[in-house]
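Asker: Input structure: model_20.csv, which contains CSV, C-alpha atoms.
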```
chain,number,residue,atom,x,y,z
A,298,MET,CA,-14.8,8.1,-43.5
A,299,LYS,CA,-11.4,9.9,-43.8
A,300,SER,CA,-12.2,12.3,-40.9
A,301,THR,CA,-13.2,9.3,-38.7
A,302,ILE,CA,-9.9,7.6,-39.4
A,303,VAL,CA,-7.9,10.8,-38.7
A,304,GLY,CA,-9.9,11.2,-35.4
A,305,THR,CA,-9.1,7.6,-34.4
A,306,VAL,CA,-5.4,8.0,-35.2
A,307,LEU,CA,-5.3,11.3,-33.2
A,308,ALA,CA,-7.1,9.7,-30.2
A,309,ALA,CA,-4.7,6.8,-30.3
A,310,PHE,CA,-1.7,9.1,-30.4
A,311,ALA,CA,-3.0,11.1,-27.4
A,312,ALA,CA,-3.5,7.9,-25.5
A,313,CYS,CA,0.1,6.9,-26.2
A,314,LEU,CA,1.3,10.3,-24.9
A,315,ILE,CA,-0.7,9.8,-21.7
A,316,VAL,CA,0.7,6.3,-21.2
A,317,ALA,CA,4.3,7.6,-21.9
A,318,SER,CA,3.8,10.5,-19.5
A,319,SER,CA,2.6,8.1,-16.8
A,320,ALA,CA,5.4,5.7,-17.4
A,321,ASN,CA,7.9,8.5,-16.9
A,322,ALA,CA,6.3,9.5,-13.5
A,323,THR,CA,7.9,8.2,-10.3
A,324,ALA,CA,6.0,8.2,-7.1
A,325,LEU,CA,8.0,9.5,-4.1
A,326,ARG,CA,7.8,8.2,-0.6
A,327,VAL,CA,6.2,10.7,1.7
A,328,VAL,CA,6.4,10.3,5.5
A,329,ALA,CA,5.2,12.2,8.6
A,330,VAL,CA,7.8,13.4,11.1
A,331,SER,CA,7.9,15.5,14.2
A,332,ALA,CA,10.0,18.6,15.2
A,333,PRO,CA,12.6,19.0,16.5
A,334,ALA,CA,13.4,15.3,15.9
A,335,ILE,CA,13.7,15.9,12.2
A,336,ASN,CA,16.5,18.3,12.8
A,337,CYS,CA,18.7,15.5,14.0
A,338,VAL,CA,18.7,14.0,10.5
A,339,PHE,CA,20.8,17.0,9.4
A,340,ASN,CA,22.8,17.9,12.5
A,341,THR,CA,23.6,15.7,15.6
A,342,SER,CA,23.0,18.8,17.8
A,343,CYS,CA,19.4,18.6,16.6
A,344,THR,CA,19.5,22.4,15.9
A,345,LEU,CA,19.6,24.1,12.5
A,346,VAL,CA,20.8,27.4,11.2
A,347,VAL,CA,18.2,28.3,8.6
A,348,THR,CA,17.8,30.8,5.8
A,349,ASP,CA,14.2,31.9,5.0
A,350,SER,CA,12.6,33.7,2.1
A,351,VAL,CA,8.9,34.3,1.1
A,352,GLY,CA,7.1,34.4,-2.2
A,353,HIS,CA,3.7,36.1,-2.4
A,354,PHE,CA,0.5,35.4,-4.4
A,355,SER,CA,-3.1,36.4,-4.5
A,356,PRO,CA,-5.7,33.6,-5.2
A,357,LEU,CA,-8.3,34.9,-7.7
A,358,GLY,CA,-11.5,35.8,-5.8
A,359,ASP,CA,-9.9,35.8,-2.4
A,360,VAL,CA,-8.6,38.9,-0.5
A,361,GLY,CA,-5.2,39.1,1.1
A,362,ASP,CA,-1.6,37.9,0.8
A,363,GLY,CA,-0.8,34.2,0.2
A,364,ARG,CA,2.7,33.2,1.1
A,365,LEU,CA,5.0,30.4,0.1
A,366,GLN,CA,7.9,30.1,2.6
A,367,SER,CA,11.2,28.6,1.5
A,368,ARG,CA,13.7,27.4,4.2
A,369,THR,CA,17.2,26.0,3.6
A,370,TYR,CA,19.8,24.6,5.9
A,371,ASP,CA,23.0,22.5,5.7
A,372,GLY,CA,23.5,18.8,6.4
A,373,VAL,CA,26.5,18.4,8.7
A,374,ALA,CA,28.8,15.5,9.2
A,375,PRO,CA,28.6,12.8,10.6
A,376,THR,CA,24.8,12.7,9.7
A,377,SER,CA,23.6,10.9,6.6
A,378,ALA,CA,22.7,14.3,5.2
A,379,ALA,CA,26.3,15.6,5.4
A,380,ASP,CA,27.3,17.8,2.5
A,381,MET,CA,23.7,18.0,1.4
A,382,LYS,CA,21.2,20.9,1.6
A,383,GLY,CA,17.7,20.6,3.2
A,384,TYR,CA,14.9,22.5,1.4
A,385,GLU,CA,11.7,23.0,3.3
A,386,TYR,CA,8.5,24.7,2.3
A,387,ARG,CA,5.2,26.0,3.9
A,388,LEU,CA,2.1,27.2,2.1
A,389,ASP,CA,0.6,30.0,4.2
A,390,MET,CA,-3.0,31.3,3.6
A,391,THR,CA,-3.5,32.7,7.1
A,392,SER,CA,-3.6,36.3,5.8
A,393,VAL,CA,-6.1,35.4,3.1
A,394,GLN,CA,-9.9,35.8,3.4
A,395,ALA,CA,-12.5,34.4,1.0
A,396,SER,CA,-14.8,37.1,-0.5
A,397,SER,CA,-17.4,34.5,-1.6
A,398,THR,CA,-16.5,30.9,-2.5
A,399,ALA,CA,-13.1,30.1,-1.1
A,400,ASN,CA,-10.3,29.6,-3.6
A,401,CYS,CA,-7.9,27.2,-2.1
A,402,VAL,CA,-4.5,25.7,-3.1
A,403,THR,CA,-4.6,22.0,-4.1
A,404,GLN,CA,-1.1,21.3,-5.2
A,405,LEU,CA,2.4,22.7,-5.7
A,406,GLY,CA,4.9,22.1,-8.5
A,407,LEU,CA,8.6,22.6,-8.1
A,408,ASP,CA,11.5,22.4,-10.6
A,409,PHE,CA,13.6,20.7,-8.0
A,410,GLY,CA,15.7,18.0,-9.7
A,411,PRO,CA,16.6,14.7,-8.0
A,412,ALA,CA,15.7,14.5,-4.3
A,413,ALA,CA,18.1,12.6,-2.1
A,414,SER,CA,16.5,9.6,-0.3
A,415,LEU,CA,17.2,9.6,3.5
A,416,GLN,CA,15.8,7.9,6.6
A,417,TYR,CA,13.5,10.7,7.9
A,418,ASP,CA,11.1,8.8,10.1
A,419,GLY,CA,13.5,6.3,11.7
A,420,ALA,CA,12.0,3.1,10.2
A,421,GLY,CA,11.5,1.2,7.0
A,422,PRO,CA,12.8,2.1,3.6
A,423,LEU,CA,14.4,5.4,2.7
A,424,ASP,CA,12.2,8.4,2.3
A,425,ASP,CA,12.0,11.2,-0.3
A,426,VAL,CA,9.7,13.8,1.2
A,427,TYR,CA,8.9,14.5,4.9
A,428,VAL,CA,6.0,16.4,6.5
A,429,VAL,CA,6.3,17.9,9.9
A,430,THR,CA,2.9,17.0,11.3
A,431,SER,CA,3.7,17.6,15.0
A,432,GLY,CA,5.9,20.1,16.9
A,433,GLY,CA,5.5,22.9,14.3
A,434,LEU,CA,3.0,25.1,12.4
A,435,GLY,CA,0.3,23.9,10.2
A,436,SER,CA,-2.8,21.8,9.8
A,437,VAL,CA,-2.7,20.4,6.2
A,438,ALA,CA,-0.3,17.7,5.0
A,439,ILE,CA,1.2,16.6,1.7
A,440,SER,CA,-0.5,13.4,0.7
A,441,SER,CA,1.5,12.4,-2.3
A,442,ALA,CA,4.5,13.5,-4.4
A,443,THR,CA,5.4,12.5,-8.0
A,444,ARG,CA,8.6,13.3,-10.0
A,445,ARG,CA,8.7,13.7,-13.7
A,446,GLY,CA,12.2,14.6,-14.8
A,447,ARG,CA,13.3,17.6,-12.8
A,448,ASN,CA,9.7,18.5,-11.8
A,449,ILE,CA,8.2,17.4,-8.5
A,450,LEU,CA,4.4,17.7,-8.0
A,451,LEU,CA,3.3,17.8,-4.4
A,452,VAL,CA,-0.5,17.2,-3.7
A,453,PHE,CA,-2.1,18.4,-0.5
A,454,GLY,CA,-4.3,15.9,1.4
A,455,ALA,CA,-6.9,18.6,1.6
A,456,PRO,CA,-7.0,22.0,0.0
A,457,VAL,CA,-5.2,24.8,1.9
A,458,CYS,CA,-7.9,27.3,2.2
A,459,PRO,CA,-8.0,31.0,3.4
A,460,GLY,CA,-7.1,31.1,7.1
A,461,GLN,CA,-5.1,27.9,7.0
A,462,THR,CA,-1.4,27.0,6.6
A,463,SER,CA,0.1,23.8,5.5
A,464,PHE,CA,2.6,21.9,7.6
A,465,PHE,CA,6.3,22.4,6.7
A,466,PHE,CA,7.3,19.8,4.2
A,467,GLY,CA,10.8,19.1,3.0
A,468,LEU,CA,13.2,17.4,0.6
A,469,THR,CA,17.0,17.1,0.5
A,470,SER,CA,19.3,17.7,-2.4
A,471,ARG,CA,23.0,16.9,-3.1
A,472,ASN,CA,23.0,20.3,-4.8
A,473,THR,CA,23.9,22.8,-2.1
A,474,SER,CA,23.4,26.0,-4.1
A,475,PRO,CA,19.8,27.3,-3.7
A,476,VAL,CA,18.7,29.7,-6.4
A,477,PRO,CA,15.7,31.9,-6.9
A,478,ALA,CA,13.0,30.1,-9.0
A,479,THR,CA,9.3,29.9,-9.4
A,480,ALA,CA,6.8,27.3,-8.2
A,481,THR,CA,3.4,26.6,-9.7
A,482,ILE,CA,0.5,26.5,-7.4
A,483,SER,CA,-2.9,25.2,-8.5
A,484,PHE,CA,-6.3,26.4,-7.2
A,485,SER,CA,-9.5,24.6,-6.3
A,486,LEU,CA,-11.6,26.9,-8.5
A,487,GLY,CA,-9.3,26.3,-11.5
A,488,GLY,CA,-6.2,28.1,-12.8
A,489,SER,CA,-2.7,28.4,-11.4
A,490,ALA,CA,-0.2,31.0,-10.3
A,491,GLU,CA,3.6,31.4,-10.3
A,492,VAL,CA,5.2,32.2,-7.0
A,493,ALA,CA,8.8,32.9,-6.0
A,494,VAL,CA,10.6,30.1,-4.3
A,495,ARG,CA,14.1,28.8,-3.8
A,496,THR,CA,15.2,25.4,-5.2
A,497,PRO,CA,18.5,23.7,-6.1
A,498,SER,CA,20.3,25.2,-9.0
A,499,ARG,CA,20.5,23.2,-12.3
```
Show the structure stored in the file as structure tokens.
Answerer:
Amino acid sequence: MKSTIVGTVLAAFAACLIVASSANATALRVVAVSAPAINCVFNTSCTLVVTDSVGHFSPLGDVGDGRLQSRTYDGVAPTSAADMKGYEYRLDMTSVQASSTANCVTQLGLDFGPAASLQYDGAGPLDDVYVVTSGGLGSVAISSATRRGRNILLVFGAPVCPGQTSFFFGLTSRNTSPVPATATISFSLGGSAEVAVRTPSR
């Protein structure tokens, strides 16, 4: 009887934690955009001077070099992104081959902090995350994004598998000092990996 009561209490406590975690989660607005039009949000010349870096990972069971590209650039007056920094990412599996069952990337977690809300697609409410679905590289889009505290979880609409690359996807921060950090990528066959990335400093 006592063990049953304890089990019931623990189950209720776990349920409360799940509810609390869900209550602290904020869904971010994700929109599709095109290039080079998205550049105009950051610079009226519609051209950007970018800084790129790449983190590497090897999906368990696959062969080859997975890459997470980080790209940053400045927002320039008189745009709405003036004095902010654009942070853009691309998950690249084009140099990876599946040895048997493909191990794909399903989502990406970033310790990013608050993302600035801007008008990326030219209509409707302000947006939090943009995905460059035309005019650039890629074939897999981000389908949803959720923020819990400083952490942003980005979920791909379909797994990014060996031979594929995601579209570029981006966020903007009022913090203009990018620093080396680690992102967490999750795999379709289970497990995760840490990969080098650049994000806003704390």
Asker: One decimal, in Å: what's the spacing between atom CA of Gly487 of chain A and atom CA of Phe465 of chain A?
Answerer: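 Distance between the two atoms: 24.3 Å.
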Asker: Just want the 9 Å neighbourhood of Pro411 of chain A, counted on all atoms listed in the file, with same-chain residues fewer than 5 positions away dropped. Output as a PyMOL selection string.
Answerer: chain A and resi 444+446-449+469-471
Asker: Residues at most 6 Å from segment 350-357 of chain A, counting all atoms listed in the file, excluding those fewer than 3 positions away in the same chain, as a list in words?
Answerer: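 Returned residues: Asp362, Gly363, Arg364, Leu365, Gln366, Ser367, Val492, Ala493 and Val494 of chain A.
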Asker: Show me, as number ranges by chain, the residues that have an atom within 12 Å of Val338 of chain A when counting only C-alpha atoms, minus same-chain residues fewer than 3 positions from it.
Answerer: A: 330-335, 341-345, 370-379, 381-383, 414-419, 424, 427, 468-469
Asker: Nearest residue to Arg387 of chain A out of A:Thr473, A:Ser498, A:Thr479, A:Ser436, using only C-alpha atoms?
Answerer: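 Distance minimum relative to Arg387 of chain A lands on A:Ser436.
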Asker: So, counting all atoms listed in the file, which residue among A:Asn321, A:Asp408, A:Met390, A:Ala420 is closest to Gly435 of chain A?
Answerer: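 Going through A:Asn321, A:Asp408, A:Met390, A:Ala420 one by one, the smallest distance to Gly435 of chain A is for A:Met390.
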Asker: Rank nothing, just name the residue among A:Arg326, A:Thr348, A:Arg495, A:Val360 nearest to Ala480 of chain A, using only C-alpha atoms.
Answerer: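 Comparing A:Arg326, A:Thr348, A:Arg495, A:Val360 against Ala480 of chain A, the winner is A:Arg495.
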Asker: Could you tell me how far atom CA of Val402 of chain A lies from atom CA of Arg499 of chain A, in Å and to one decimal?
Answerer: 26.8 Å
Asker: Please write as a ChimeraX atom specification the list of polymer residues whose atoms come within 12 Å of (-8.9, 28.2, -12.4), counting all atoms listed in the file and keeping to the coordinates of the file.
Answerer: /A:356-358,400-403,482-490
Asker: Suppose you want the space between atom CA of Phe466 of chain A and atom CA of Cys337 of chain A; what is it in Å?
Answerer: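 About the pair atom CA of Phe466 of chain A and atom CA of Cys337 of chain A: they are 15.6 Å apart.
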Asker: So which one's closest to Tyr384 of chain A, A:Val457, A:Gly467, A:Gln404, A:Ser474? Using only C-alpha atoms, please.
Answerer: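 Smallest distance to Tyr384 of chain A is found for A:Gly467.
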Asker: Could you list, as a list in words, every residue within 10 Å of Ala442 of chain A, counting only C-alpha atoms and ignoring same-chain residues fewer than 3 positions away?
Answerer: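 Final neighbour list, sorted by chain and number: Thr323, Ala324, Leu325, Arg326, Val327, Gln404, Leu405, Gly406, Asp425, Val426, Ile439, Ile449, Leu450, Leu451, Val452 and Phe453 of chain A.
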Asker: For a quick check of understanding, using all atoms listed in the file, which of A:Asn472, A:Thr443, A:Ser463, A:Thr369 has the smallest distance to Ser431 of chain A?
Answerer: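 Closest residue, counting all atoms listed in the file: A:Ser463.
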